[in-house]
$ cat start09.cif   # mmCIF, C-alpha atoms
data_protein
#
loop_
_atom_site.label_atom_id
_atom_site.label_comp_id
_atom_site.auth_asym_id
_atom_site.auth_seq_id
_atom_site.Cartn_x
_atom_site.Cartn_y
_atom_site.Cartn_z
CA ALA A 14 -35.80 7.02 -4.71
CA ASP A 15 -32.10 6.15 -4.83
CA LYS A 16 -31.27 9.19 -6.94
CA VAL A 17 -33.16 11.46 -4.57
CA ALA A 18 -31.41 9.84 -1.61
CA GLY A 19 -28.09 10.23 -3.38
CA LYS A 20 -28.69 13.96 -3.79
CA LYS A 21 -29.71 14.48 -0.17
CA GLY A 22 -26.89 12.27 1.05
CA ILE A 23 -26.93 8.74 2.30
CA PHE A 24 -28.45 9.70 5.65
CA SER A 25 -31.76 10.86 4.16
CA TYR A 26 -32.96 7.29 4.69
CA LEU A 27 -32.99 7.98 8.43
CA GLN A 28 -35.26 11.00 8.13
CA GLY A 29 -38.27 9.00 9.38
CA LEU A 30 -36.68 8.14 12.72
CA THR A 31 -38.08 10.21 15.55
CA GLY A 32 -38.05 9.86 19.30
CA THR A 33 -35.63 7.79 21.35
CA ARG A 34 -35.78 4.00 21.03
CA ALA A 35 -33.44 1.07 20.60
CA LEU A 36 -32.18 0.86 17.01
CA GLU A 37 -33.22 -2.20 15.03
CA ALA A 38 -31.62 -3.77 11.94
CA GLY A 39 -34.47 -2.39 9.81
CA ASP A 40 -33.61 1.16 10.87
CA LEU A 41 -29.98 0.83 9.83
CA GLU A 42 -30.16 -1.41 6.77
CA PRO A 43 -31.25 1.24 4.19
CA VAL A 44 -28.50 3.71 5.12
CA LEU A 45 -25.87 0.96 5.36
CA ALA A 46 -26.95 -0.50 1.99
CA ARG A 47 -26.45 2.90 0.38
CA PHE A 48 -23.14 3.35 2.16
CA ARG A 49 -21.99 -0.10 1.01
CA GLU A 50 -22.84 0.90 -2.55
CA MET A 51 -20.95 4.17 -2.16
CA LEU A 52 -17.83 2.44 -0.84
CA VAL A 53 -17.87 -0.01 -3.76
CA GLU A 54 -18.27 2.89 -6.22
CA LYS A 55 -15.13 4.37 -4.63
CA ASN A 56 -13.16 1.15 -5.29
CA VAL A 57 -13.45 -0.57 -1.91
CA ALA A 58 -13.73 -4.33 -2.57
CA VAL A 59 -17.30 -5.64 -2.13
CA GLU A 60 -16.49 -8.15 0.64
CA ILE A 61 -14.68 -5.48 2.66
CA ALA A 62 -17.49 -2.94 2.28
CA GLU A 63 -19.89 -5.63 3.52
CA LYS A 64 -17.73 -6.54 6.52
CA LEU A 65 -17.32 -2.90 7.48
CA CYS A 66 -21.06 -2.20 7.28
CA GLY A 67 -21.77 -5.41 9.19
CA SER A 68 -19.52 -4.34 12.04
CA VAL A 69 -21.13 -0.89 12.13
CA ALA A 70 -24.60 -2.48 12.34
CA THR A 71 -23.44 -4.76 15.17
CA SER A 72 -21.97 -1.85 17.11
CA LEU A 73 -25.19 0.20 16.87
CA LEU A 74 -27.96 -2.43 17.22
CA GLY A 75 -30.00 -1.99 20.36
CA LYS A 76 -28.46 1.40 21.18
CA LYS A 77 -30.92 4.07 22.28
CA ILE A 78 -30.27 7.11 20.17
CA GLY A 79 -32.67 10.01 19.80
CA GLY A 80 -33.99 11.38 16.53
CA PHE A 81 -32.68 11.53 12.98
CA ASN A 82 -29.59 13.60 13.75
CA GLY A 83 -28.56 11.41 16.65
CA VAL A 84 -28.72 8.27 14.51
CA LYS A 85 -27.03 9.96 11.55
CA ASN A 86 -24.12 11.06 13.74
CA ALA A 87 -23.84 7.66 15.40
CA VAL A 88 -23.70 5.86 12.01
CA LYS A 89 -21.19 8.34 10.62
CA GLU A 90 -19.00 8.10 13.71
CA ALA A 91 -19.05 4.30 13.65
CA LEU A 92 -18.12 4.28 9.95
CA GLU A 93 -15.32 6.81 10.51
CA ASP A 94 -13.99 4.71 13.38
CA GLY A 95 -14.09 1.52 11.32
CA LEU A 96 -12.28 3.06 8.34
CA THR A 97 -9.71 4.84 10.52
CA ARG A 98 -8.99 1.61 12.38
CA ILE A 99 -8.37 -0.25 9.10
CA LEU A 100 -6.07 2.45 7.68
CA THR A 101 -4.03 3.24 10.80
CA PRO A 102 -0.77 1.24 10.92
CA LYS A 103 -0.54 -1.28 13.79
CA GLN A 104 3.03 -0.16 14.42
CA SER A 105 4.85 3.00 13.44
CA MET A 106 6.25 3.13 9.91
CA ASP A 107 8.88 5.78 10.57
CA ILE A 108 11.43 4.83 7.92
CA LEU A 109 13.93 7.55 8.88
CA CYS A 110 13.90 6.35 12.46
CA GLN A 111 14.43 2.75 11.26
CA VAL A 112 17.31 3.86 9.01
CA ARG A 113 18.99 5.52 11.99
CA ALA A 114 18.58 2.30 14.00
CA THR A 115 20.31 0.21 11.30
CA GLN A 116 23.05 2.88 10.95
CA ALA A 117 23.75 2.40 14.66
CA LYS A 118 24.25 -1.32 13.94
CA GLY A 119 26.73 -0.44 11.20
CA ARG A 120 24.71 -1.77 8.26
CA PRO A 121 22.58 -0.28 5.49
CA TYR A 122 18.76 -0.22 5.58
CA VAL A 123 17.38 -2.31 2.69
CA ILE A 124 14.06 -1.80 0.86
CA VAL A 125 12.94 -4.27 -1.81
CA PHE A 126 10.31 -2.99 -4.27
CA VAL A 127 7.94 -5.68 -5.61
CA GLY A 128 4.77 -5.70 -7.71
CA VAL A 129 3.11 -6.74 -10.96
CA ASN A 130 4.27 -5.56 -14.40
CA GLY A 131 3.80 -1.98 -15.48
CA VAL A 132 2.83 -0.26 -12.22
CA GLY A 133 5.84 2.07 -12.18
CA LYS A 134 8.14 0.33 -9.71
CA SER A 135 11.37 1.97 -10.96
CA THR A 136 9.80 5.43 -10.92
CA SER A 137 8.39 4.80 -7.43
CA LEU A 138 11.80 3.61 -6.23
CA SER A 139 13.35 6.78 -7.68
CA LYS A 140 10.87 8.99 -5.79
CA VAL A 141 11.74 7.23 -2.53
CA CYS A 142 15.44 7.67 -3.41
CA PHE A 143 14.94 11.41 -3.97
CA TRP A 144 13.17 11.72 -0.61
CA LEU A 145 15.90 9.76 1.25
CA LYS A 146 18.62 11.87 -0.40
CA SER A 147 16.82 15.04 0.63
CA GLN A 148 17.09 13.76 4.21
CA GLY A 149 20.88 13.68 3.81
CA LEU A 150 21.18 9.90 3.40
CA LYS A 151 23.63 8.11 1.10
CA VAL A 152 21.62 5.80 -1.20
CA LEU A 153 22.64 2.90 -3.48
CA LEU A 154 20.29 1.46 -6.13
CA ALA A 155 20.50 -2.28 -6.85
CA ALA A 156 19.47 -3.40 -10.36
CA CYS A 157 17.89 -6.79 -9.62
CA ASP A 158 15.44 -6.77 -12.52
CA THR A 159 17.67 -9.01 -14.62
CA PHE A 160 14.67 -10.29 -16.56
CA ARG A 161 13.15 -7.40 -18.52
CA SER A 162 15.21 -6.04 -21.38
CA GLY A 163 16.12 -2.39 -20.78
CA ALA A 164 15.37 -2.49 -17.03
CA VAL A 165 18.98 -1.92 -15.94
CA GLU A 166 19.36 0.99 -18.38
CA GLN A 167 16.09 2.51 -17.14
CA LEU A 168 17.34 2.39 -13.55
CA LYS A 169 20.68 3.89 -14.61
CA THR A 170 18.85 6.79 -16.28
CA HIS A 171 17.00 7.53 -13.03
CA ALA A 172 20.25 7.14 -11.06
CA ALA A 173 22.08 9.64 -13.30
CA ARG A 174 19.32 12.21 -12.77
CA LEU A 175 19.34 11.58 -9.03
CA ASP A 176 23.14 11.51 -8.86
CA VAL A 177 23.31 8.14 -7.07
CA PRO A 178 25.26 4.99 -8.02
CA VAL A 179 23.75 1.73 -9.30
CA TYR A 180 25.02 -1.71 -8.38
CA GLU A 181 24.41 -4.01 -11.39
CA ARG A 182 25.58 -7.21 -13.01
CA GLY A 183 23.63 -7.07 -16.28
CA TYR A 184 20.94 -9.56 -17.29
CA ASN A 185 19.99 -13.24 -16.84
CA LYS A 186 21.83 -13.49 -13.52
CA ASP A 187 20.53 -14.66 -10.15
CA ALA A 188 18.74 -11.62 -8.73
CA ALA A 189 19.05 -12.85 -5.12
CA SER A 190 22.86 -12.98 -5.37
CA ILE A 191 23.04 -9.51 -6.94
CA ALA A 192 20.92 -8.12 -4.08
CA MET A 193 23.17 -9.81 -1.53
CA ASP A 194 26.35 -8.48 -3.17
CA SER A 195 24.86 -4.98 -3.40
CA VAL A 196 24.16 -4.96 0.35
CA LYS A 197 27.74 -6.11 1.08
CA TYR A 198 29.08 -3.40 -1.25
CA ALA A 199 26.87 -0.81 0.48
CA ALA A 200 28.12 -1.84 3.93
CA GLN A 201 31.77 -1.63 2.81
CA ASN A 202 31.25 1.80 1.26
CA ASN A 203 29.21 3.44 4.02
CA PHE A 204 25.85 3.66 2.23
CA ASP A 205 22.88 4.28 4.52
CA VAL A 206 20.16 2.75 2.33
CA VAL A 207 19.96 0.18 -0.50
CA LEU A 208 16.88 0.32 -2.78
CA VAL A 209 16.41 -2.96 -4.65
CA ASP A 210 14.56 -2.91 -7.98
CA THR A 211 12.99 -6.27 -8.93
CA ALA A 212 11.34 -7.62 -12.07
CA GLY A 213 7.63 -6.94 -12.39
CA ARG A 214 5.81 -10.26 -12.30
CA MET A 215 2.24 -11.42 -12.39
CA GLN A 216 1.21 -12.99 -9.11
CA ASP A 217 0.47 -16.34 -10.78
CA ASN A 218 3.85 -16.70 -12.55
CA GLU A 219 5.33 -19.38 -10.31
CA PRO A 220 8.98 -19.41 -11.52
CA LEU A 221 9.27 -15.62 -11.16
CA MET A 222 7.51 -15.65 -7.77
CA ARG A 223 9.92 -18.38 -6.63
CA SER A 224 12.88 -16.23 -7.67
CA LEU A 225 11.43 -13.21 -5.81
CA SER A 226 10.82 -15.33 -2.73
CA LYS A 227 14.45 -16.43 -2.84
CA LEU A 228 15.63 -12.80 -3.10
CA VAL A 229 13.44 -11.67 -0.21
CA ASN A 230 14.09 -14.61 2.13
CA LEU A 231 17.83 -14.85 1.44
CA ASN A 232 18.44 -11.13 1.97
CA ASN A 233 15.84 -10.52 4.70
CA PRO A 234 15.41 -6.81 3.83
CA ASP A 235 14.15 -4.27 6.36
CA LEU A 236 11.12 -3.47 4.22
CA VAL A 237 9.33 -5.33 1.41
CA LEU A 238 7.27 -2.65 -0.36
CA PHE A 239 4.46 -3.72 -2.69
CA VAL A 240 3.92 -1.13 -5.44
CA GLY A 241 0.36 -1.10 -6.79
CA GLU A 242 -1.92 1.26 -8.66
CA ALA A 243 -4.42 3.31 -6.69
CA LEU A 244 -7.06 2.80 -9.36
CA VAL A 245 -7.37 -0.96 -9.64
CA GLY A 246 -10.26 -1.56 -7.21
CA ASN A 247 -11.00 -5.24 -6.68
CA ASP A 248 -7.95 -6.27 -8.74
CA SER A 249 -5.74 -4.76 -6.06
CA ILE A 250 -6.98 -7.32 -3.55
CA ASP A 251 -6.35 -10.18 -5.97
CA GLN A 252 -2.82 -8.92 -6.72
CA VAL A 253 -1.72 -8.30 -3.17
CA THR A 254 -3.34 -11.46 -1.73
CA LYS A 255 -1.86 -13.70 -4.41
CA PHE A 256 1.52 -12.00 -4.10
CA ASN A 257 1.60 -12.71 -0.38
CA GLN A 258 0.27 -16.24 -0.96
CA ALA A 259 2.93 -16.90 -3.60
CA LEU A 260 5.68 -15.58 -1.31
CA LYS A 261 4.40 -17.93 1.39
CA GLU A 262 4.10 -20.97 -0.89
CA THR A 263 7.46 -20.51 -2.62
CA ALA A 264 9.22 -19.68 0.64
CA TYR A 265 12.96 -20.16 0.35
CA GLY A 266 14.75 -21.74 3.29
CA THR A 267 13.31 -23.01 6.54
CA GLY A 268 12.59 -19.80 8.45
CA GLN A 269 9.36 -17.84 8.64
CA PRO A 270 8.58 -16.68 5.05
CA ARG A 271 8.92 -12.93 4.46
CA LEU A 272 5.75 -11.30 3.17
CA ILE A 273 4.78 -7.77 2.15
CA ASP A 274 5.52 -5.20 4.92
CA GLY A 275 3.97 -2.13 3.36
CA ILE A 276 2.27 -0.70 0.28
CA MET A 277 3.08 2.14 -2.08
CA LEU A 278 0.20 3.34 -4.27
CA THR A 279 0.93 5.00 -7.61
CA LYS A 280 -1.27 7.39 -9.64
CA PHE A 281 -2.96 8.60 -6.47
CA ASP A 282 -3.45 12.01 -8.06
CA THR A 283 -5.67 10.59 -10.83
CA ILE A 284 -8.45 8.98 -8.78
CA ASP A 285 -10.41 11.89 -7.26
CA ASP A 286 -12.41 10.31 -4.39
CA LYS A 287 -12.07 6.69 -5.60
CA VAL A 288 -9.54 5.94 -2.87
CA GLY A 289 -10.99 2.58 -1.86
CA ALA A 290 -8.10 0.46 -3.15
CA ALA A 291 -6.05 1.78 -0.22
CA VAL A 292 -8.64 0.44 2.24
CA SER A 293 -8.86 -2.91 0.46
CA MET A 294 -5.12 -3.54 0.27
CA VAL A 295 -4.50 -2.54 3.88
CA TYR A 296 -7.43 -4.67 5.05
CA VAL A 297 -6.25 -7.87 3.36
CA THR A 298 -2.53 -7.56 4.16
CA GLY A 299 -2.80 -5.96 7.58
CA GLN A 300 0.05 -3.71 6.39
CA PRO A 301 -0.03 0.09 5.96
CA VAL A 302 0.21 2.33 2.92
CA VAL A 303 3.68 3.80 3.44
CA PHE A 304 3.77 6.19 0.44
CA VAL A 305 1.51 7.44 -2.32
CA GLY A 306 2.74 8.69 -5.70
CA VAL A 307 0.92 11.87 -6.75
CA GLY A 308 2.50 12.87 -10.07
CA GLN A 309 5.29 12.40 -12.59
CA THR A 310 8.24 14.11 -10.91
CA TYR A 311 10.60 12.83 -8.20
CA THR A 312 9.09 15.19 -5.62
CA ASP A 313 5.57 13.78 -6.12
CA LEU A 314 5.62 11.50 -3.12
CA LYS A 315 3.41 11.78 -0.05
CA LYS A 316 2.47 9.94 3.11
CA LEU A 317 -1.10 8.69 3.27
CA ASN A 318 -3.34 11.11 5.17
CA VAL A 319 -5.79 8.75 6.90
CA ARG A 320 -8.19 11.51 7.94
CA ASN A 321 -8.44 12.80 4.36
CA ILE A 322 -9.08 9.33 2.97
CA VAL A 323 -11.88 8.71 5.48
CA LYS A 324 -13.39 12.11 4.62
CA LEU A 325 -13.31 11.33 0.88
CA LEU A 326 -14.93 7.94 1.38
CA LEU A 327 -17.75 9.39 3.48
CA ARG A 328 -18.54 12.49 1.47
#
$ encode --input "start09.cif" --output "structure tokens"
Amino acid sequence: ADKVAGKKGIFSYLQGLTGTRALEAGDLEPVLARFREMLVEKNVAVEIAEKLCGSVATSLLGKKIGGFNGVKNAVKEALEDGLTRILTPKQSMDILCQVRATQAKGRPYVIVFVGVNGVGKSTSLSKVCFWLKSQGLKVLLAACDTFRSGAVEQLKTHAARLDVPVYERGYNKDAASIAMDSVKYAAQNNFDVVLVDTAGRMQDNEPLMRSLSKLVNLNNPDLVLFVGEALVGNDSIDQVTKFNQALKETAYGTGQPRLIDGIMLTKFDTIDDKVGAAVSMVYVTGQPVVFVGVGQTYTDLKKLNVRNIVKLLLR
């Protein structure tokens, strides 16, 4: 039956509903169960798919809706609303506008790129650099991955291609101090933006998380961008939750600890309709997807199109 339903679409379960009467849980459960399954297949974390379907059921229970098509449209609309609400940023993420605001204060705008090992942080940073340069902004890269051998050279290679300078002090130095000095240097030399590269670290590596927390809290950047892969499904939740948790627990200083402000998803071009990781990560952090990487070149950077994502998840 599932295969047949799958072919006809998830709403075929509602075919038996005729006439106008108040919807009961039993009417909605089959279609929502299939939808839950579909979301999970598209990489939305199980608990989030369940919460979303639960809220849709609550919003529709007891409503008087006529016939199969009426119910189908009501379910679809409620699901679209729920997904759109999750993915729409609570406040505007207009980076260019924010850069202009910091320029007016006479200081550079600072973005720190964080994330686990091997997700393509340096490449992602370089794409953002290319985009900022194309907007006529003067950009400085700060080499604060003083941990991984070859990281500084890798950043310098990108910088040479992009024709931007790198602020670096080599390896085995205090990354927080290098970031601070790079921001001072940028202010003295009229740079508009500083992009800070940090060492990739697993979310449960306490010494490295402590050092990242120090860098973030000491420098108080304008944006802490978590770089993650679009294809990691439930792992994405674990990574981003533990990253935030670790930043909270290893908070440096006495102020409010700085957490992740936004997300950048890499390899977005390789996942077809399995776009659920975006929903999961936004749901658990409450922070938006600011950019998605869609290829290998510096121009392969896009903003997340919420309407498209919702369409892909519901098709």
$ resolve_selection --input "start09.cif" --expression "the PyMOL selection byres ((chain A and resi 250) around 10)" --output "list in words"
Val57, Ala58, Val245, Gly246, Asn247, Asp248, Ser249, Asp251, Gln252, Val253, Thr254, Lys255, Phe256, Ala290, Ala291, Val292, Ser293, Met294, Val295, Tyr296, Val297 and Thr298 of chain A
$ atom_distance --input "start09.cif" --atom1 "CA of Leu150 (chain A)" --atom2 "CA of Val240 (chain A)"
22.3 Å
$ resolve_selection --input "start09.cif" --expression "the PyMOL selection byres ((chain A and resi 216) around 10)" --output "NGL selection string"
:A and (128-130 or 213-215 or 217-219 or 221-222 or 251-260)
$ resolve_selection --input "start09.cif" --expression "the PyMOL selection byres ((chain A and resi 206) around 6)" --output "count of residues only"
7
$ closest_residue --input "start09.cif" --among "A:Ser139, A:Thr312, A:Thr211, A:Thr101" --to "Val237 (chain A)" --atoms "only C-alpha atoms"
A:Thr211
$ closest_residue --input "start09.cif" --among "A:Gln116, A:Asp94, A:Gly299, A:Arg34" --to "Leu74 (chain A)" --atoms "only C-alpha atoms"
A:Arg34
$ atom_distance --input "start09.cif" --atom1 "CA of Asn56 (chain A)" --atom2 "CA of Lys287 (chain A)"
5.7 Å
$ residues_around --input "start09.cif" --residues "Leu326 (chain A)" --least-positions-apart "2" --cutoff "9 Å" --atoms "only C-alpha atoms" --output "VMD selection string"
chain A and resid 51 to 52 55 96 286 to 289 321 to 324 328
$ residues_around --input "start09.cif" --residues "region 86-90 of chain A" --least-positions-apart "5" --cutoff "9 Å" --atoms "all atoms listed in the file" --output "PDB file with C-alpha atoms, in the coordinates of the input"
ATOM      1  CA  PHE A  24     -28.450   9.700   5.650  1.00  0.00           C
ATOM      2  CA  LEU A  41     -29.980   0.830   9.830  1.00  0.00           C
ATOM      3  CA  VAL A  44     -28.500   3.710   5.120  1.00  0.00           C
ATOM      4  CA  LEU A  45     -25.870   0.960   5.360  1.00  0.00           C
ATOM      5  CA  VAL A  69     -21.130  -0.890  12.130  1.00  0.00           C
ATOM      6  CA  ALA A  70     -24.600  -2.480  12.340  1.00  0.00           C
ATOM      7  CA  LEU A  73     -25.190   0.200  16.870  1.00  0.00           C
ATOM      8  CA  ILE A  78     -30.270   7.110  20.170  1.00  0.00           C
ATOM      9  CA  PHE A  81     -32.680  11.530  12.980  1.00  0.00           C
ATOM     10  CA  GLY A  95     -14.090   1.520  11.320  1.00  0.00           C
ATOM     11  CA  LEU A 327     -17.750   9.390   3.480  1.00  0.00           C
TER      12      LEU A 327
END
$ closest_residue --input "start09.cif" --among "A:Leu225, A:Val307, A:His171, A:Ala192" --to "Ile284 (chain A)" --atoms "all atoms listed in the file"
A:Val307
$ axis_aligned_box --input "start09.cif" --around "region 148-154 of chain A" --padding-each-side "6 Å" --output "AutoDock Vina command-line options"
--center_x 20.4 --center_y 7.6 --center_z -1.0 --size_x 18.5 --size_y 24.3 --size_z 22.3
$ closest_residue --input "start09.cif" --among "A:Met277, A:Leu236, A:Ala155, A:Leu36" --to "Leu317 (chain A)" --atoms "only C-alpha atoms"
A:Met277
$ residues_around --input "start09.cif" --residues "Ala212 (chain A)" --least-positions-apart "5" --cutoff "8 Å" --atoms "only C-alpha atoms" --output "list in words"
Val127, Asn130, Cys157, Asp158, Thr159, Phe160 and Arg161 of chain A
$ atom_distance --input "start09.cif" --atom1 "CA of Leu100 (chain A)" --atom2 "CA of Leu238 (chain A)"
16.4 Å
$ closest_residue --input "start09.cif" --among "A:Gln309, A:Ala188, A:Arg174, A:Lys103" --to "Phe143 (chain A)" --atoms "only C-alpha atoms"
A:Arg174
$ decode --input "start09.cif" --residues "region 173-274 of chain A" --atoms "C-alpha atoms" --output "compact mmCIF listing (two decimals), in the first residue's frame"
# COMPACT_ATOMS: atom_id res chain seq x y z
CA ALA A 173 46.76 35.04 -4.05
CA ARG A 174 44.02 33.92 -6.45
CA LEU A 175 41.58 36.42 -4.95
CA ASP A 176 44.19 39.19 -4.81
CA VAL A 177 43.63 39.95 -1.12
CA PRO A 178 46.17 40.12 1.74
CA VAL A 179 46.47 37.60 4.59
CA TYR A 180 47.30 38.53 8.17
CA GLU A 181 49.28 35.63 9.69
CA ARG A 182 51.74 34.76 12.43
CA GLY A 183 52.55 31.16 11.51
CA TYR A 184 51.72 28.14 13.66
CA ASN A 185 51.31 27.15 17.33
CA LYS A 186 50.40 30.68 18.37
CA ASP A 187 47.37 31.91 20.29
CA ALA A 188 44.63 32.17 17.66
CA ALA A 189 42.58 34.66 19.70
CA SER A 190 45.49 37.14 19.80
CA ILE A 191 46.14 36.79 16.07
CA ALA A 192 42.46 37.52 15.37
CA MET A 193 42.59 40.56 17.64
CA ASP A 194 45.77 41.90 15.99
CA SER A 195 44.31 41.30 12.52
CA VAL A 196 41.24 43.40 13.37
CA LYS A 197 43.49 46.22 14.69
CA TYR A 198 45.60 46.02 11.52
CA ALA A 199 42.44 46.12 9.39
CA ALA A 200 41.14 49.21 11.22
CA GLN A 201 44.48 51.02 10.78
CA ASN A 202 44.62 50.18 7.08
CA ASN A 203 41.02 50.94 6.12
CA PHE A 204 39.80 47.40 5.45
CA ASP A 205 36.02 47.00 5.36
CA VAL A 206 35.82 43.32 6.31
CA VAL A 207 38.01 40.77 8.14
CA LEU A 208 37.35 37.06 7.44
CA VAL A 209 38.81 34.87 10.19
CA ASP A 210 39.76 31.27 9.34
CA THR A 211 39.82 28.93 12.36
CA ALA A 212 41.00 25.37 12.91
CA GLY A 213 38.46 22.67 12.15
CA ARG A 214 37.62 20.87 15.38
CA MET A 215 35.32 18.11 16.45
CA GLN A 216 32.60 19.39 18.74
CA ASP A 217 33.74 17.13 21.60
CA ASN A 218 37.41 18.21 21.56
CA GLU A 219 37.37 20.33 24.71
CA PRO A 220 40.81 22.04 24.49
CA LEU A 221 40.16 23.15 20.89
CA MET A 222 36.60 24.26 21.70
CA ARG A 223 37.98 26.27 24.64
CA SER A 224 40.46 28.00 22.34
CA LEU A 225 37.67 28.78 19.83
CA SER A 226 35.47 30.12 22.60
CA LYS A 227 38.32 32.40 23.68
CA LEU A 228 38.76 33.68 20.11
CA VAL A 229 35.05 34.34 19.67
CA ASN A 230 34.38 35.91 23.08
CA LEU A 231 37.55 38.00 23.18
CA ASN A 232 37.04 39.45 19.70
CA ASN A 233 33.23 39.62 19.72
CA PRO A 234 32.92 39.37 15.91
CA ASP A 235 29.89 40.68 14.03
CA LEU A 236 29.06 37.21 12.72
CA VAL A 237 30.00 33.69 13.85
CA LEU A 238 29.31 31.49 10.81
CA PHE A 239 29.06 27.72 11.27
CA VAL A 240 30.15 25.89 8.11
CA GLY A 241 28.52 22.47 7.73
CA GLU A 242 27.79 19.99 4.97
CA ALA A 243 24.34 19.96 3.43
CA LEU A 244 24.36 16.17 3.26
CA VAL A 245 24.93 15.11 6.85
CA GLY A 246 21.30 14.66 7.98
CA ASN A 247 20.99 13.86 11.67
CA ASP A 248 24.74 14.40 12.22
CA SER A 249 24.25 18.06 11.41
CA ILE A 250 22.06 18.49 14.47
CA ASP A 251 24.61 16.76 16.68
CA GLN A 252 27.44 18.93 15.32
CA VAL A 253 25.71 22.27 15.56
CA THR A 254 24.07 21.57 18.96
CA LYS A 255 27.31 20.37 20.51
CA PHE A 256 29.24 23.25 18.96
CA ASN A 257 26.87 25.75 20.53
CA GLN A 258 26.88 23.80 23.81
CA ALA A 259 30.68 23.73 23.86
CA LEU A 260 30.88 27.47 23.14
CA LYS A 261 28.49 28.02 26.05
CA GLU A 262 30.32 25.71 28.46
CA THR A 263 33.82 26.95 27.64
CA ALA A 264 32.72 30.58 27.61
CA TYR A 265 35.67 32.91 28.04
CA GLY A 266 35.18 35.93 30.29
CA THR A 267 32.15 36.94 32.28
CA GLY A 268 29.81 38.33 29.60
CA GLN A 269 27.07 36.54 27.71
CA PRO A 270 28.78 33.71 25.73
CA ARG A 271 28.83 34.19 21.95
CA LEU A 272 27.19 31.36 20.03
CA ILE A 273 26.63 30.60 16.35
CA ASP A 274 24.86 33.47 14.51
